[in-house]
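One structure below.
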Amino acid sequence: MLETNPRVSNIEQATRDVAVPAMKLEAEGEHVIWLNSGDPSKYGFQPPEHAKKAFKEAIDSGLNGYGPSPGLPELREAIITREKKLKKVKLDTSDVLVTTGVSEALQFIVLTLDKHGSEILIPDPSYPPYIATTRLFGGNPKGYKLDENNNWEPDIDDMRKKISLKTRAIAIINPNNPTGAVYKKKTIKDIIDLAGEYGLPIISDEIYDLLVYDGKHVSPATLTKDVPILMLNGASKNYFATGWRMGYIAKIDPENALDEVWDGINRLARLRLCTNTPAQFGFLAAILGSYAYLGRYKKMLNSRRKFTLKRLREIPGLDVVAPRGAFYLFPKYRGPWRSDKEFVLQLLKEEKVLFVHGSGFGKNGKGHFRTVFLPPRSILEETFSRLERFIERHALAKVRA
Ligand SMILES: Cc1ncc(COP(=O)(O)O)c(C=O)c1O
């Protein structure tokens, strides 16, 4: 048998790894309630009509060829307009690079920043590709604590402790996956100060920046004076177009500290030629068109968020911090299970409900699970009665034992 690169064979993506046993169950004729994936399209959310139309028209009018490696200039201009309007950030076309989702943006950044054994500070818990991508490219993801007792805000003291001579960047995800936290302005300021003190750039994942139900999203790009920011965003969440695979990096670099890094990122972009051309026209239309769809969707999501929170808080043995953005909750459970993975897999086996185990998001996620609140109320109701039944059954069994 041919050997594989251990960096590849060790890759884990918890949100998709748990789907394997669920698919097996479905192949055996069972019906599973899938709450593992942050994909709104699975529950009827769709990109706005004007964006779908622009995507289709691009195909029909023959715009099916390669595009420029950094992205179509008109899309990059649209991104500049968006960021100026929302965050009062001033960007040039050359500061924007269109990518195949935020996933590719992250790969480009991590690979460019890597110098043998470099460390990237990432949140713990974190969206799993931050861990896997950093490791894949030879780096070391160093988790800093998100504090559950403080609404899952980053613990700045812990962040400081994790900085070493090998640290190359600090990554933040705000609004956050998996916790749903939306960070306070003071936290963002403190992170900028810390990054400035150590001369580090901030990787700022803002893919949920329009999905805030409570409070206000603050981007480090609006507050920075000299600290460089690589801001990540895309079509997947705010525009409900996960399958279009559209993302971007916007560089805010007041003192040109990132010139070489940006050159590296652009070299990687040329190596993969370009992103999907017609999808870029769809994304452009989504960015510049009406946001009426978002108002409707946010209303639905907010009522699902409130219902899910209420139901989870009614279940004995669960503790959950109210999410303020995105579409996830990250409850803590108590019970007889040896690991959170065992909890999730046993729930799947017995009740046919699929969550993601908390430790799949990092050490600090242990003893938790992540659920989405995307489905309609009837599915959420069914899910949480099954969960309640499951927890009662096992907690009671332990008391009797
Ligand atoms: C924080 C975060 N970043 C990035 C992504 C993936 O983004 P994309 O679909 O643009 O690759 C996700 C998807 O769930 C996410 O939650």
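Ligands are numbered from 1 in the order shown, residues from 1 within each chain, and chains are lettered A, B, ... in the order they appear in the structure tokens.
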*So which residues are near ligand 1, meaning at most 6 Å away with only C-alpha atoms and all ligand atoms counted, given back as a ChimeraX atom specification?*
/A:38,101-103,127,173,177,207,234,236,242,245,247
*Which neighbours of His50 in chain A fall inside 9 Å, counting only C-alpha atoms, when residues of the same chain fewer than 5 positions from it are skipped, and could you give them as a list in words?*
Phe55, Gly282, Ala285, Ala286, Gly289 and Ser290 of chain A
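If only C-alpha atoms are the atoms counted, then among A:Thr134, A:Ser118, A:Asn140, A:Thr187 the closest residue to Arg168 in chain A is A:Ser118.
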*When DSSP works through the backbone of this structure, what residues of range 1-140 of chain A end up as alpha helix (DSSP H), shown as a ChimeraX atom specification?*
/A:6-9,14-17,19-27,49-60,73-87,101-113,129-136
*Non-local contacts of range 153-159 of chain A (12 Å; only C-alpha atoms; under 3 positions in same chain excluded) as JSON, numbers by chain*: {"A": [120, 121, 122, 123, 124, 125, 126, 142, 143, 144, 145, 146, 147, 148, 149, 150, 162, 163, 164, 167, 169, 170, 171, 172, 173, 174, 175, 176, 179, 180, 181, 182, 183, 184, 185, 186, 187, 188, 189, 190, 191, 192, 193, 194, 195, 198, 321, 323, 324, 364]}
*For range 373-389 of chain A, list every protein, DNA or RNA residue within 7 Å, evaluated using only C-alpha atoms, and leave out those in the same chain fewer than 5 positions away; present the list as a list of chain:residue names.*
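Here the qualifying residues turn out to be A:Pro40, A:Tyr43, A:Leu301, A:Arg304, A:Arg305, A:Thr308, A:Arg311, A:Ile315, A:Phe327, A:Tyr328, A:Glu351, A:Val353.
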*Fewer than 3 positions away in the same chain doesn't count, so skip those; otherwise give me all residues within 9 Å of range 226-232 of chain A, counting only C-alpha atoms, as a PyMOL selection string.*
chain A and resi 102+105-106+109+192-193+195-196+199-207+219-221+247-258
Residue selection dump (C-alpha atoms) as a compact mmCIF listing (two decimals), in the first residue's frame:
# COMPACT_ATOMS: atom_id res chain seq x y z
CA VAL A 102 -13.15 31.96 3.02
CA ALA A 105 -8.55 32.62 1.75
CA LEU A 106 -7.48 30.96 4.97
CA ILE A 109 -2.88 33.27 4.35
CA ILE A 192 -5.72 45.38 18.40
CA ASP A 193 -3.58 46.79 21.22
CA ALA A 195 -1.39 42.72 18.24
CA GLY A 196 0.22 46.17 17.98
CA GLY A 199 3.81 43.59 15.75
CA LEU A 200 1.33 40.90 14.69
CA PRO A 201 -1.33 41.06 11.97
CA ILE A 202 -4.94 40.15 12.75
CA ILE A 203 -6.82 37.64 10.62
CA SER A 204 -10.42 38.76 11.04
CA ASP A 205 -13.09 36.30 9.89
CA GLU A 206 -16.28 38.33 9.46
CA ILE A 207 -18.26 35.85 7.39
CA SER A 219 -14.70 45.03 12.87
CA PRO A 220 -11.07 45.61 13.86
CA ALA A 221 -10.72 47.28 10.46
CA GLY A 247 -15.01 34.65 -0.67
CA TYR A 248 -12.50 37.45 -0.37
CA ILE A 249 -9.59 38.86 1.57
CA ALA A 250 -9.47 42.62 2.15
CA LYS A 251 -6.12 43.97 3.29
CA ILE A 252 -6.03 46.93 5.65
CA ASP A 253 -2.38 47.75 6.10
CA PRO A 254 -1.75 51.38 7.01
CA GLU A 255 2.04 50.99 7.33
CA ASN A 256 2.67 48.51 4.49
CA ALA A 257 3.81 45.77 6.85
CA LEU A 258 2.10 43.16 4.71
*Closest of A:Arg370, A:His31, A:Lys216, A:Arg135 to Val8 in chain A - atom-to-atom distances counting only C-alpha atoms*: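 Among the listed residues, the smallest separation from Val8 in chain A belongs to A:Arg135.
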_For Ala235 in chain A, find every residue with an atom within 7 Å (counting only C-alpha atoms), except residues of its own chain fewer than 4 positions away, and show them as a list in words._
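Skipping anything fewer than 4 positions along the chain leaves Tyr239, Phe240, Ala241, Thr242, Met246, Gly247 and Phe283 of chain A.
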*asked:* Please report the interatomic distance between CA of Trp34 in chain A and CA of Ser359 in chain A in Å with one decimal.
replied: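 Between CA of Trp34 in chain A and CA of Ser359 in chain A the gap is 18.7 Å.
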*Excluding same-chain residues fewer than 2 positions from Pro73 in chain A, what lies within 10 Å of it counting only C-alpha atoms, as a VMD selection string?*
chain A and resid 67 to 68 70 to 71 75 to 79 93 to 94 96 to 98
*Proximity to Gly295 in chain A - best of A:Leu165, A:Leu113, A:Ala51, A:Leu210, only C-alpha atoms*: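 For Gly295 in chain A, the nearest of the given residues is A:Leu210.
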*In Å to one decimal, how far is CA of Phe369 in chain A from CA of Asn151 in chain A?*
16.2 Å
_Best match for closeness to Gly138 in chain A among A:His116, A:Lys366, A:Lys349, A:Arg82, counting only C-alpha atoms_ =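 Of the candidates, the smallest distance to Gly138 in chain A is held by A:His116.
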*If you measure from CA of Gly360 in chain A to CA of Val344 in chain A, what distance in Å do you get, rounded to one decimal?*
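Atom-to-atom, CA of Gly360 in chain A to CA of Val344 in chain A, that is 11.2 Å.
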_For a quick check of understanding, using only C-alpha atoms, which of A:Val372, A:Arg7, A:Phe137, A:Leu111 has the smallest distance to Pro178 in chain A?_
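Going through A:Val372, A:Arg7, A:Phe137, A:Leu111 one by one, the smallest distance to Pro178 in chain A is for A:Val372.
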